[in-house]
$ cat data-v3.tsv   # TSV, C-alpha atoms
chain	number	residue	atom	x	y	z
A	586	MET	CA	0.00	0.00	0.00
A	587	ALA	CA	3.03	2.27	0.29
A	588	LYS	CA	3.51	2.92	-3.39
A	589	LYS	CA	1.07	5.34	-4.96
A	590	ASP	CA	1.35	5.56	-8.71
A	591	ILE	CA	0.43	8.86	-10.24
A	592	GLY	CA	-2.46	8.22	-12.55
A	593	PHE	CA	-3.59	5.02	-10.93
A	594	VAL	CA	-7.32	4.70	-11.39
A	595	ASN	CA	-8.67	3.16	-8.22
A	596	PRO	CA	-11.60	0.92	-9.15
A	597	PHE	CA	-12.94	1.19	-5.59
A	598	ASP	CA	-13.37	4.96	-5.86
A	599	THR	CA	-16.92	6.22	-6.20
A	600	GLY	CA	-17.84	6.88	-9.80
A	601	VAL	CA	-15.11	4.68	-11.30
A	602	ASN	CA	-16.58	1.88	-13.36
A	603	TYR	CA	-14.81	-1.09	-14.91
A	604	ASP	CA	-14.65	0.55	-18.33
A	605	ASP	CA	-12.65	3.43	-16.81
A	606	PHE	CA	-10.47	1.11	-14.79
A	607	LEU	CA	-9.64	-1.32	-17.59
A	608	ALA	CA	-8.92	1.52	-19.98
A	609	SER	CA	-6.33	2.87	-17.54
A	610	ILE	CA	-4.26	-0.33	-17.46
A	611	PRO	CA	-1.21	-0.08	-19.72
A	612	LYS	CA	-1.01	-2.64	-22.51
A	613	ASP	CA	0.55	-5.98	-21.61
A	614	MET	CA	0.20	-5.28	-17.88
A	615	THR	CA	-1.85	-7.61	-15.70
A	616	ILE	CA	-4.49	-6.34	-13.32
A	617	GLU	CA	-2.51	-7.74	-10.41
A	618	LYS	CA	0.64	-5.89	-11.47
A	619	TYR	CA	-1.23	-2.64	-12.11
A	620	CYS	CA	-2.90	-2.74	-8.70
A	621	GLU	CA	0.14	-3.92	-6.77
A	622	GLY	CA	1.08	-1.33	-4.17
A	623	ASN	CA	-2.16	0.56	-4.68
A	624	LEU	CA	-4.67	-1.98	-3.40
A	625	ASP	CA	-4.32	-4.62	-0.73
A	626	ALA	CA	-4.12	-8.30	-1.61
A	627	GLU	CA	-7.74	-8.98	-0.63
A	628	GLN	CA	-9.01	-6.14	-2.81
A	629	ILE	CA	-6.95	-7.35	-5.77
A	630	ALA	CA	-8.18	-10.93	-5.37
A	631	TRP	CA	-11.79	-9.74	-5.15
A	632	LEU	CA	-11.35	-7.47	-8.16
A	633	VAL	CA	-9.91	-10.23	-10.32
A	634	GLU	CA	-12.86	-12.49	-9.40
A	635	ASP	CA	-15.44	-9.80	-10.13
A	636	LEU	CA	-13.85	-8.94	-13.45
A	637	LYS	CA	-14.26	-12.58	-14.48
A	638	HIS	CA	-18.03	-11.95	-14.34
A	639	TYR	CA	-17.60	-8.72	-16.25
A	640	ASN	CA	-15.55	-10.32	-19.00
A	641	LYS	CA	-18.18	-13.02	-19.48
A	642	LYS	CA	-20.72	-10.42	-20.57
B	912	MET	CA	-58.40	-78.19	1.69
B	913	ALA	CA	-56.45	-75.68	-0.33
B	914	ILE	CA	-57.95	-72.24	-1.04
B	915	ASN	CA	-58.27	-71.56	-4.68
B	916	TYR	CA	-58.54	-67.71	-5.17
B	917	THR	CA	-58.65	-65.97	-8.49
B	918	GLY	CA	-58.38	-62.14	-8.82
B	919	THR	CA	-56.26	-59.27	-7.62
B	920	THR	CA	-55.57	-58.38	-4.03
B	921	ARG	CA	-55.85	-54.95	-2.38
B	922	ASN	CA	-54.89	-53.22	0.83
B	923	TYR	CA	-57.68	-52.90	3.36
B	924	THR	CA	-56.11	-50.20	5.47
B	925	GLU	CA	-54.36	-46.91	4.77
B	926	LEU	CA	-52.38	-44.39	6.74
B	927	GLU	CA	-54.95	-41.86	7.88
B	928	ARG	CA	-52.53	-38.98	7.54
B	929	ILE	CA	-51.68	-37.78	4.05
B	930	GLN	CA	-48.11	-36.59	4.31
B	931	GLN	CA	-47.87	-33.00	3.14
B	932	GLU	CA	-45.10	-31.28	1.25
B	933	LEU	CA	-43.02	-28.98	3.45
B	934	TYR	CA	-44.39	-25.52	2.83
B	935	GLN	CA	-42.82	-22.76	4.85
B	936	ASP	CA	-45.66	-20.41	3.83
B	937	SER	CA	-44.47	-16.83	4.17
B	938	LYS	CA	-42.47	-15.89	7.24
B	939	THR	CA	-42.35	-12.31	5.98
B	940	PHE	CA	-46.14	-11.99	6.03
B	941	ARG	CA	-46.75	-14.26	9.02
B	942	GLU	CA	-44.39	-12.40	11.30
B	943	ALA	CA	-44.73	-8.99	9.58
B	944	ILE	CA	-40.98	-8.55	9.88
B	945	ILE	CA	-40.85	-5.75	7.32
B	946	ASP	CA	-43.40	-3.03	6.58
B	947	ILE	CA	-46.45	-4.50	4.87
B	948	GLN	CA	-48.81	-1.84	3.62
B	949	GLU	CA	-52.33	-2.80	2.51
B	950	GLY	CA	-55.11	-0.84	0.86
B	951	HIS	CA	-53.55	-0.08	-2.50
B	952	LYS	CA	-55.35	-1.17	-5.64
B	953	SER	CA	-53.27	-0.36	-8.70
B	954	GLY	CA	-50.61	1.95	-7.37
B	955	THR	CA	-49.67	4.33	-4.61
B	956	ASP	CA	-47.53	7.41	-4.05
B	957	VAL	CA	-44.62	7.04	-1.66
B	958	TYR	CA	-43.42	10.27	-0.07
B	959	GLU	CA	-40.03	10.79	1.53
B	960	SER	CA	-38.85	13.94	3.27
B	961	LYS	CA	-35.59	15.37	4.45
B	962	VAL	CA	-34.74	18.54	6.34
B	963	ASP	CA	-31.26	20.07	6.40
B	964	VAL	CA	-30.52	22.82	8.92
B	965	THR	CA	-27.49	25.03	9.36
B	966	MET	CA	-26.61	26.74	12.62
B	967	THR	CA	-25.59	30.41	12.39
B	968	ALA	CA	-24.60	33.10	14.88
B	969	LEU	CA	-27.49	34.86	16.62
B	970	ASN	CA	-29.30	37.37	14.49
B	971	THR	CA	-31.24	39.94	16.53
B	972	GLY	CA	-32.61	41.60	13.45
B	973	GLN	CA	-35.29	40.62	11.03
B	974	VAL	CA	-35.17	37.07	9.72
B	975	THR	CA	-34.24	36.98	6.08
B	976	ALA	CA	-34.16	34.16	3.58
B	977	THR	CA	-30.97	32.33	4.47
B	978	GLY	CA	-31.40	28.94	2.91
B	979	ASN	CA	-30.34	27.52	6.26
B	980	ILE	CA	-33.43	25.41	6.64
B	981	ALA	CA	-33.99	23.25	3.57
B	982	LEU	CA	-37.18	21.25	3.51
B	983	GLY	CA	-37.36	18.58	0.85
B	984	VAL	CA	-40.21	16.27	-0.05
B	985	GLN	CA	-40.20	13.84	-2.94
B	986	LYS	CA	-43.04	11.77	-4.30
B	987	THR	CA	-42.52	8.50	-6.14
B	988	PRO	CA	-45.48	6.79	-7.78
B	989	VAL	CA	-45.23	3.04	-7.31
B	990	SER	CA	-47.35	0.66	-9.37
B	991	LEU	CA	-48.68	-2.59	-7.98
B	992	VAL	CA	-48.63	-5.72	-10.10
B	993	ALA	CA	-51.79	-7.84	-10.28
B	994	PHE	CA	-51.31	-11.57	-10.69
B	995	ASN	CA	-53.08	-14.81	-9.98
B	996	TYR	CA	-52.74	-18.51	-9.42
B	997	GLU	CA	-55.48	-20.36	-11.31
B	998	ASP	CA	-56.31	-23.75	-12.72
B	999	ILE	CA	-59.06	-26.25	-13.48
B	1000	ILE	CA	-59.21	-29.52	-11.57
B	1001	ASN	CA	-61.05	-32.66	-12.57
B	1002	ASP	CA	-62.18	-34.50	-9.44
B	1003	ASN	CA	-63.25	-37.49	-11.52
B	1004	VAL	CA	-59.68	-38.82	-11.41
B	1005	LEU	CA	-60.10	-39.39	-7.67
B	1006	LYS	CA	-62.51	-42.27	-8.29
B	1007	GLY	CA	-61.00	-45.54	-7.21
B	1008	THR	CA	-58.97	-43.87	-4.44
B	1009	ARG	CA	-59.64	-43.37	-0.74
B	1010	PHE	CA	-61.34	-40.11	-1.64
B	1011	GLU	CA	-64.20	-41.93	-3.37
B	1012	LYS	CA	-65.62	-42.78	0.05
B	1013	SER	CA	-66.33	-39.12	0.79
B	1014	MET	CA	-68.04	-38.38	-2.53
B	1015	LYS	CA	-71.80	-37.85	-2.26
B	1016	ALA	CA	-74.10	-40.46	-3.77
B	1017	GLY	CA	-75.00	-39.79	-7.40
B	1018	ALA	CA	-72.78	-40.29	-10.41
B	1019	TYR	CA	-72.55	-36.53	-11.04
B	1020	ASN	CA	-71.07	-35.96	-7.59
B	1021	VAL	CA	-67.32	-36.50	-7.73
B	1022	VAL	CA	-66.16	-33.87	-5.26
B	1023	SER	CA	-64.45	-35.47	-2.27
B	1024	ASP	CA	-64.86	-33.76	1.05
B	1025	GLU	CA	-61.75	-35.50	2.36
B	1026	PHE	CA	-59.67	-34.38	-0.65
B	1027	ASP	CA	-60.72	-30.78	-0.09
B	1028	LYS	CA	-59.87	-30.94	3.60
B	1029	LYS	CA	-56.55	-32.72	3.28
B	1030	VAL	CA	-55.06	-31.86	-0.12
B	1031	LEU	CA	-56.77	-28.86	-1.67
B	1032	ILE	CA	-56.26	-26.98	1.57
B	1033	GLN	CA	-52.53	-26.97	0.88
B	1034	ILE	CA	-52.91	-24.52	-2.00
B	1035	THR	CA	-52.73	-21.43	0.19
B	1036	PRO	CA	-49.58	-22.47	2.10
B	1037	ALA	CA	-48.01	-23.28	-1.27
B	1038	ILE	CA	-48.95	-19.81	-2.53
B	1039	GLY	CA	-47.51	-18.33	0.66
B	1040	ALA	CA	-44.23	-20.15	0.11
B	1041	ASP	CA	-44.11	-19.02	-3.51
B	1042	LEU	CA	-44.73	-15.39	-2.52
B	1043	GLU	CA	-42.04	-15.56	0.16
B	1044	SER	CA	-39.63	-16.71	-2.50
B	1045	LYS	CA	-40.62	-13.99	-4.94
B	1046	ILE	CA	-40.51	-11.19	-2.37
B	1047	TRP	CA	-36.84	-11.94	-1.74
B	1048	ASN	CA	-35.53	-13.49	-4.94
B	1049	GLY	CA	-36.41	-12.62	-8.52
B	1050	ALA	CA	-36.56	-9.81	-11.02
B	1051	THR	CA	-38.82	-8.80	-13.87
B	1052	SER	CA	-37.47	-9.23	-17.37
B	1053	ALA	CA	-37.44	-5.43	-17.75
B	1054	THR	CA	-35.34	-4.96	-14.62
B	1055	LYS	CA	-33.00	-7.76	-15.63
B	1056	THR	CA	-32.40	-5.96	-18.92
B	1057	ALA	CA	-31.87	-2.63	-17.17
B	1058	ILE	CA	-29.41	-4.07	-14.64
B	1059	ALA	CA	-27.51	-5.95	-17.34
B	1060	ALA	CA	-27.08	-2.65	-19.19
B	1061	LEU	CA	-25.33	-0.95	-16.24
B	1062	THR	CA	-21.56	-0.60	-16.40
B	1063	PRO	CA	-20.31	-2.36	-13.29
B	1064	GLY	CA	-17.58	-1.21	-10.94
B	1065	ALA	CA	-16.05	-1.98	-7.57
B	1066	GLY	CA	-16.73	1.29	-5.76
B	1067	GLN	CA	-19.81	2.82	-4.18
B	1068	GLY	CA	-22.32	3.98	-6.75
B	1069	SER	CA	-21.63	1.05	-9.06
B	1070	ILE	CA	-23.06	-2.45	-9.21
B	1071	THR	CA	-20.55	-5.29	-9.05
B	1072	ALA	CA	-20.26	-7.60	-12.02
B	1073	ALA	CA	-21.03	-10.51	-9.68
B	1074	ALA	CA	-24.32	-8.86	-8.68
B	1075	GLN	CA	-25.22	-8.40	-12.35
B	1076	THR	CA	-24.55	-12.09	-12.94
B	1077	ALA	CA	-26.59	-13.02	-9.86
B	1078	VAL	CA	-29.58	-10.95	-10.97
B	1079	ALA	CA	-29.42	-12.43	-14.46
B	1080	ALA	CA	-29.57	-15.89	-12.86
B	1081	MET	CA	-32.57	-15.03	-10.66
B	1082	PRO	CA	-36.04	-16.33	-11.52
B	1083	THR	CA	-37.88	-14.02	-13.88
B	1084	THR	CA	-40.91	-12.83	-11.95
B	1085	LEU	CA	-43.80	-10.41	-12.29
B	1086	PHE	CA	-42.50	-7.94	-9.69
B	1087	ASP	CA	-38.99	-7.23	-8.45
B	1088	SER	CA	-37.86	-8.79	-5.20
B	1089	LEU	CA	-36.69	-6.58	-2.34
B	1090	ILE	CA	-33.06	-7.35	-3.14
B	1091	VAL	CA	-33.52	-6.26	-6.74
B	1092	THR	CA	-35.58	-3.20	-5.81
B	1093	THR	CA	-32.71	-2.20	-3.52
B	1094	LEU	CA	-30.28	-2.63	-6.40
B	1095	TYR	CA	-32.31	-0.82	-9.02
B	1096	ASN	CA	-35.39	1.39	-8.76
B	1097	ASN	CA	-36.97	4.59	-9.99
B	1098	SER	CA	-37.32	6.40	-6.69
B	1099	GLN	CA	-37.43	10.18	-6.83
B	1100	SER	CA	-35.76	10.32	-3.41
B	1101	LYS	CA	-32.36	9.09	-4.57
B	1102	THR	CA	-29.31	11.30	-5.04
B	1103	THR	CA	-29.91	10.83	-8.75
B	1104	PRO	CA	-33.69	10.53	-8.99
B	1105	GLY	CA	-35.36	8.20	-11.46
B	1106	ALA	CA	-34.63	4.81	-12.93
B	1107	GLY	CA	-31.17	3.62	-12.06
B	1108	LEU	CA	-28.98	2.07	-9.43
B	1109	GLY	CA	-30.26	2.31	-5.87
B	1110	ASP	CA	-28.63	4.52	-3.26
B	1111	TYR	CA	-27.65	1.55	-1.10
B	1112	ILE	CA	-24.38	1.24	0.81
B	1113	LYS	CA	-22.43	-1.39	-1.04
B	1114	VAL	CA	-20.36	-4.06	0.68
B	1115	THR	CA	-18.52	-6.23	-1.79
B	1116	GLY	CA	-19.26	-9.88	-1.26
B	1117	THR	CA	-17.79	-13.24	-1.95
B	1118	THR	CA	-18.95	-16.85	-1.74
B	1119	ILE	CA	-19.86	-17.43	1.88
B	1120	THR	CA	-18.82	-20.66	3.60
B	1121	SER	CA	-18.73	-21.73	7.22
B	1122	SER	CA	-15.06	-20.71	7.22
B	1123	ASN	CA	-15.56	-17.09	6.22
B	1124	ILE	CA	-19.13	-16.37	7.35
B	1125	ALA	CA	-18.06	-14.50	10.50
B	1126	THR	CA	-15.63	-12.37	8.49
B	1127	GLU	CA	-18.24	-11.55	5.87
B	1128	TYR	CA	-20.89	-10.64	8.45
B	1129	GLY	CA	-18.21	-8.44	9.98
B	1130	LYS	CA	-17.88	-6.61	6.66
B	1131	LEU	CA	-21.64	-6.14	6.43
B	1132	TYR	CA	-21.79	-4.84	9.99
B	1133	ALA	CA	-18.82	-2.52	9.52
B	1134	GLY	CA	-20.33	-1.17	6.31
B	1135	ALA	CA	-23.66	-0.26	7.90
B	1136	ASP	CA	-24.56	3.29	8.78
B	1137	ASN	CA	-23.82	4.11	12.43
B	1138	LYS	CA	-27.25	5.64	12.97
B	1139	VAL	CA	-28.92	2.49	11.69
B	1140	LEU	CA	-26.92	0.30	14.05
B	1141	ASP	CA	-27.98	2.60	16.87
B	1142	GLY	CA	-31.65	2.02	16.09
B	1143	PHE	CA	-34.24	4.70	15.49
B	1144	ALA	CA	-37.65	5.50	16.97
B	1145	GLY	CA	-37.83	2.24	18.85
B	1146	GLU	CA	-36.89	0.20	15.83
B	1147	SER	CA	-33.81	-2.01	15.84
B	1148	PRO	CA	-31.75	-2.90	12.80
B	1149	MET	CA	-32.00	-6.35	11.31
B	1150	ILE	CA	-29.95	-8.48	8.96
B	1151	PHE	CA	-31.86	-10.22	6.17
B	1152	ALA	CA	-29.89	-13.25	5.06
B	1153	PRO	CA	-30.25	-16.37	2.89
B	1154	LEU	CA	-31.81	-19.45	4.48
B	1155	SER	CA	-28.57	-21.37	4.01
B	1156	HIS	CA	-26.74	-19.06	6.41
B	1157	ARG	CA	-28.47	-20.55	9.45
B	1158	LYS	CA	-26.68	-23.81	8.81
B	1159	LEU	CA	-23.34	-22.17	8.02
B	1160	ILE	CA	-23.54	-20.06	11.19
B	1161	LYS	CA	-24.15	-23.14	13.35
B	1162	VAL	CA	-21.28	-25.01	11.71
B	1163	ALA	CA	-18.98	-22.02	12.17
B	1164	ASN	CA	-20.02	-21.53	15.80
B	1165	ASN	CA	-19.66	-25.20	16.65
B	1166	ALA	CA	-16.21	-25.83	15.25
B	1167	VAL	CA	-14.47	-28.21	17.61
B	1168	GLY	CA	-11.26	-27.45	19.43
B	1169	ALA	CA	-8.97	-24.48	19.16
B	1170	ALA	CA	-10.67	-23.28	15.98
B	1171	GLN	CA	-13.90	-22.56	17.82
B	1172	GLN	CA	-14.98	-18.93	17.85
B	1173	ILE	CA	-18.47	-17.98	18.94
B	1174	ASN	CA	-19.21	-15.07	16.63
B	1175	PHE	CA	-22.96	-15.49	16.47
B	1176	LEU	CA	-25.36	-15.57	19.41
B	1177	VAL	CA	-27.85	-18.42	19.10
B	1178	GLU	CA	-30.78	-18.36	21.53
B	1179	GLY	CA	-33.57	-20.92	21.78
B	1180	SER	CA	-34.18	-23.72	19.32
B	1181	GLY	CA	-36.54	-24.79	16.56
B	1182	GLU	CA	-39.15	-22.24	15.52
B	1183	ASN	CA	-38.28	-19.99	18.46
B	1184	GLU	CA	-34.60	-19.83	17.69
B	1185	LYS	CA	-33.06	-16.37	17.34
B	1186	ILE	CA	-29.63	-15.77	15.89
B	1187	SER	CA	-27.85	-12.45	16.05
B	1188	TYR	CA	-24.51	-10.95	15.08
B	1189	ASN	CA	-23.11	-8.16	17.26
B	1190	GLY	CA	-26.58	-7.65	18.69
B	1191	VAL	CA	-28.30	-7.40	15.29
B	1192	GLU	CA	-30.94	-10.08	14.81
B	1193	ILE	CA	-30.72	-12.12	11.62
B	1194	SER	CA	-33.89	-12.97	9.72
B	1195	PHE	CA	-33.53	-15.79	7.21
B	1196	HIS	CA	-35.38	-15.74	3.89
B	1197	PRO	CA	-35.08	-17.34	0.44
B	1198	ILE	CA	-32.51	-14.76	-0.65
B	1199	ALA	CA	-29.97	-15.63	-3.35
B	1200	SER	CA	-26.79	-16.80	-1.67
B	1201	ASN	CA	-24.78	-13.79	-2.86
B	1202	PHE	CA	-26.78	-11.14	-1.00
B	1203	MET	CA	-27.58	-9.83	2.48
B	1204	ILE	CA	-29.24	-6.65	3.73
B	1205	LEU	CA	-28.72	-4.78	6.98
B	1206	THR	CA	-31.17	-1.97	7.66
B	1207	LEU	CA	-34.13	-0.90	9.75
B	1208	PRO	CA	-36.87	-3.34	8.71
B	1209	SER	CA	-39.48	-0.65	8.01
B	1210	TYR	CA	-37.33	0.63	5.13
B	1211	LEU	CA	-38.24	-2.55	3.24
B	1212	LYS	CA	-41.84	-2.52	2.12
B	1213	VAL	CA	-44.39	-4.75	0.49
B	1214	LEU	CA	-47.28	-2.76	-0.92
B	1215	MET	CA	-50.43	-4.76	-1.54
B	1216	ASP	CA	-54.17	-4.63	-1.96
B	1217	LEU	CA	-55.20	-6.94	0.86
B	1218	LYS	CA	-53.07	-9.28	2.96
B	1219	GLY	CA	-56.01	-11.68	3.19
B	1220	ASP	CA	-55.84	-12.17	-0.60
B	1221	MET	CA	-52.98	-14.58	0.02
B	1222	SER	CA	-55.28	-17.11	1.62
B	1223	THR	CA	-58.44	-16.47	-0.38
B	1224	LEU	CA	-59.36	-19.07	-2.98
B	1225	GLN	CA	-62.20	-18.70	-5.43
B	1226	ILE	CA	-63.46	-22.22	-6.05
B	1227	GLY	CA	-66.48	-23.06	-8.15
B	1228	GLN	CA	-68.04	-25.39	-10.66
B	1229	VAL	CA	-67.00	-24.82	-14.27
B	1230	ALA	CA	-70.00	-23.70	-16.36
B	1231	ASN	CA	-72.25	-25.64	-18.71
B	1232	GLY	CA	-72.38	-28.90	-16.81
B	1233	ALA	CA	-68.67	-29.60	-16.79
B	1234	MET	CA	-67.69	-31.98	-14.00
B	1235	GLN	CA	-64.71	-29.80	-13.17
B	1236	ARG	CA	-63.91	-27.04	-10.71
B	1237	TYR	CA	-61.92	-23.86	-11.14
B	1238	ILE	CA	-59.54	-22.55	-8.51
B	1239	LYS	CA	-58.35	-18.96	-8.57
B	1240	ASN	CA	-56.33	-16.81	-6.22
B	1241	THR	CA	-55.85	-13.16	-7.19
B	1242	GLN	CA	-53.48	-10.66	-5.66
B	1243	ALA	CA	-51.83	-7.31	-6.29
B	1244	MET	CA	-48.52	-6.30	-4.76
B	1245	THR	CA	-45.02	-5.00	-5.28
B	1246	THR	CA	-41.92	-4.34	-3.21
B	1247	TRP	CA	-40.40	-0.97	-2.41
B	1248	VAL	CA	-37.54	0.52	-0.44
B	1249	VAL	CA	-37.23	3.90	1.28
B	1250	ASN	CA	-34.36	5.75	2.95
B	1251	GLN	CA	-32.10	3.86	0.59
B	1252	LYS	CA	-28.89	5.43	1.82
B	1253	TYR	CA	-29.44	3.60	5.10
B	1254	ILE	CA	-29.74	0.19	3.47
B	1255	THR	CA	-26.50	-1.79	3.43
B	1256	LEU	CA	-26.45	-4.40	0.70
B	1257	TYR	CA	-23.83	-7.10	0.87
B	1258	GLY	CA	-23.00	-8.39	-2.60
B	1259	GLY	CA	-24.43	-5.36	-4.37
$ encode --input "data-v3.tsv" --output "structure tokens"
Amino acid sequence: MAKKDIGFVNPFDTGVNYDDFLASIPKDMTIEKYCEGNLDAEQIAWLVEDLKHYNKK
Amino acid sequence: MAINYTGTTRNYTELERIQQELYQDSKTFREAIIDIQEGHKSGTDVYESKVDVTMTALNTGQVTATGNIALGVQKTPVSLVAFNYEDIINDNVLKGTRFEKSMKAGAYNVVSDEFDKKVLIQITPAIGADLESKIWNGATSATKTAIAALTPGAGQGSITAAAQTAVAAMPTTLFDSLIVTTLYNNSQSKTTPGAGLGDYIKVTGTTITSSNIATEYGKLYAGADNKVLDGFAGESPMIFAPLSHRKLIKVANNAVGAAQQINFLVEGSGENEKISYNGVEISFHPIASNFMILTLPSYLKVLMDLKGDMSTLQIGQVANGAMQRYIKNTQAMTTWVVNQKYITLYGG
């Protein structure tokens, strides 16, 4: 949680939807890597699970 | 001398009791746990109000328009949905069964008094059980479409993708369940009035097992509004949880050995059993396993024409000499939520 990337789009912030969040991830970077240092491990694990539902749409 | 018998045999006795299906009727209506409002035919207006005041230094002069007392009232028209349970039954098929004995003499008479008293009487509990299910689990096809069209997100003010999936998997019903009405409604009292996501407090959820149930209830509790947990006007908050949680809670509480942690208070047993978490009573209903609600119960509403409609059956002979009977139960209701910002929805 120490590192705080400038420009990191926090998906847990009010008003941020998954379209915004996914668009902010640099190409070839995993969600886990992008969120590392910005979200805790539990948040990242939950996010990855929820995005599985989103990607099934 | 040997007996020489020709023909079929039959049983000369029967169990007097006809074993019934297990119908839980409707706990919600029976115990009036939430706010059940009768007397509405096709629709009703729901009003919500809010007053904001701002303290200022004493003014000894004339009072002027300050905007320091803001009185707000919003009206939301809510439509009830009329529906029925109806069918035709042919009592003639009961000939040759135990029920034949209670049919009146005369070939035209095929109605069995015993059948009516022991089998047909189960229709209303079955309707009650069906309503209980639909009040807590299900969405209309229109609402399913609307929720599927939302762009999900993890933060407050967004629906989770898991919740979207869960709603899509719910039974398609004629009116939205309380869970779905909390998720999506057209209240004029929301921060953004009109059709859209509800103003609920979102607590992200996961699959609940006996291993994590205490942790997840902890998240729900921690996410709830402090004023709600404090109670208001003599009303105490309540957790509305899936039926399956009762079992998981017991398993979690009764872990043997060093792993045992009593996180839930279980008082009494059987029908009188009460389970609570941190002093908040849990009420179990047929809610989809992904969701829970913590709020003041009166914020969850069922609006209906007449509560007695649930147990009223119209039964009569079909016209023109038909040896059949019709059965019809007609009702009108819908669900609604108020003070949405004080409703905490786990899994939303």
$ interface_residues --input "data-v3.tsv" --of "chain B" --to "chain A" --cutoff "6 Å" --atoms "only C-alpha atoms" --output "ChimeraX atom specification"
/B:1063-1068,1072-1073
$ axis_aligned_box --input "data-v3.tsv" --around "range 1061-1070 of chain B" --padding-each-side "5 Å" --output "lines of an AutoDock Vina configuration file"
center_x = -20.7
center_y = 0.8
center_z = -10.3
size_x = 19.3
size_y = 16.4
size_z = 22.2
$ residues_around --input "data-v3.tsv" --residues "range 912-922 of chain B" --least-positions-apart "2" --cutoff "12 Å" --atoms "all atoms listed in the file" --output "number ranges by chain"
B: 924-926, 1007-1009
$ write_last_selection --input "data-v3.tsv" --atoms "C-alpha atoms" --output "PDB file, keeping the file's coordinate frame"
ATOM      1  CA  THR B 924     -56.110 -50.200   5.470  1.00  0.00           C
ATOM      2  CA  GLU B 925     -54.360 -46.910   4.770  1.00  0.00           C
ATOM      3  CA  LEU B 926     -52.380 -44.390   6.740  1.00  0.00           C
ATOM      4  CA  GLY B1007     -61.000 -45.540  -7.210  1.00  0.00           C
ATOM      5  CA  THR B1008     -58.970 -43.870  -4.440  1.00  0.00           C
ATOM      6  CA  ARG B1009     -59.640 -43.370  -0.740  1.00  0.00           C
TER       7      ARG B1009
END
$ atom_distance --input "data-v3.tsv" --atom1 "CA of Leu1131 in chain B" --atom2 "CA of Ser1147 in chain B"
15.9 Å
$ atom_distance --input "data-v3.tsv" --atom1 "CA of Thr615 in chain A" --atom2 "CA of Val594 in chain A"
14.1 Å
$ residues_around --input "data-v3.tsv" --residues "range 1106-1123 of chain B" --least-positions-apart "3" --cutoff "9 Å" --atoms "all atoms listed in the file" --output "compact mmCIF listing (two decimals) with C-alpha atoms, keeping the file's coordinate frame"
# COMPACT_ATOMS: atom_id res chain seq x y z
CA TRP A 631 -11.79 -9.74 -5.15
CA GLU A 634 -12.86 -12.49 -9.40
CA ALA B 1057 -31.87 -2.63 -17.17
CA ILE B 1058 -29.41 -4.07 -14.64
CA LEU B 1061 -25.33 -0.95 -16.24
CA ALA B 1065 -16.05 -1.98 -7.57
CA GLY B 1066 -16.73 1.29 -5.76
CA GLN B 1067 -19.81 2.82 -4.18
CA GLY B 1068 -22.32 3.98 -6.75
CA SER B 1069 -21.63 1.05 -9.06
CA ILE B 1070 -23.06 -2.45 -9.21
CA THR B 1071 -20.55 -5.29 -9.05
CA ALA B 1073 -21.03 -10.51 -9.68
CA THR B 1092 -35.58 -3.20 -5.81
CA THR B 1093 -32.71 -2.20 -3.52
CA LEU B 1094 -30.28 -2.63 -6.40
CA TYR B 1095 -32.31 -0.82 -9.02
CA ASN B 1096 -35.39 1.39 -8.76
CA ASN B 1097 -36.97 4.59 -9.99
CA SER B 1098 -37.32 6.40 -6.69
CA GLN B 1099 -37.43 10.18 -6.83
CA LYS B 1101 -32.36 9.09 -4.57
CA THR B 1102 -29.31 11.30 -5.04
CA THR B 1103 -29.91 10.83 -8.75
CA THR B 1126 -15.63 -12.37 8.49
CA GLU B 1127 -18.24 -11.55 5.87
CA TYR B 1128 -20.89 -10.64 8.45
CA LYS B 1130 -17.88 -6.61 6.66
CA LEU B 1131 -21.64 -6.14 6.43
CA GLY B 1134 -20.33 -1.17 6.31
CA ALA B 1135 -23.66 -0.26 7.90
CA ASP B 1136 -24.56 3.29 8.78
CA HIS B 1156 -26.74 -19.06 6.41
CA LYS B 1158 -26.68 -23.81 8.81
CA LEU B 1159 -23.34 -22.17 8.02
CA ILE B 1160 -23.54 -20.06 11.19
CA LYS B 1161 -24.15 -23.14 13.35
CA VAL B 1162 -21.28 -25.01 11.71
CA ALA B 1163 -18.98 -22.02 12.17
CA ASN B 1164 -20.02 -21.53 15.80
CA SER B 1200 -26.79 -16.80 -1.67
CA ASN B 1201 -24.78 -13.79 -2.86
CA PHE B 1202 -26.78 -11.14 -1.00
CA ASN B 1250 -34.36 5.75 2.95
CA GLN B 1251 -32.10 3.86 0.59
CA LYS B 1252 -28.89 5.43 1.82
CA TYR B 1253 -29.44 3.60 5.10
CA ILE B 1254 -29.74 0.19 3.47
CA THR B 1255 -26.50 -1.79 3.43
CA LEU B 1256 -26.45 -4.40 0.70
CA TYR B 1257 -23.83 -7.10 0.87
CA GLY B 1258 -23.00 -8.39 -2.60
CA GLY B 1259 -24.43 -5.36 -4.37
$ atom_distance --input "data-v3.tsv" --atom1 "CA of Ile1034 in chain B" --atom2 "CA of His1196 in chain B"
20.5 Å
$ residues_near_point --input "data-v3.tsv" --point "(-62.4, -19.1, -2.2)" --cutoff "9 Å" --atoms "only C-alpha atoms" --output "ChimeraX atom specification"
/B:1222-1227,1238-1240
$ closest_residue --input "data-v3.tsv" --among "B:Leu933, B:Ile1090, B:Val974, B:Ala1060" --to "Gly1039 in chain B" --atoms "all atoms listed in the file"
B:Leu933
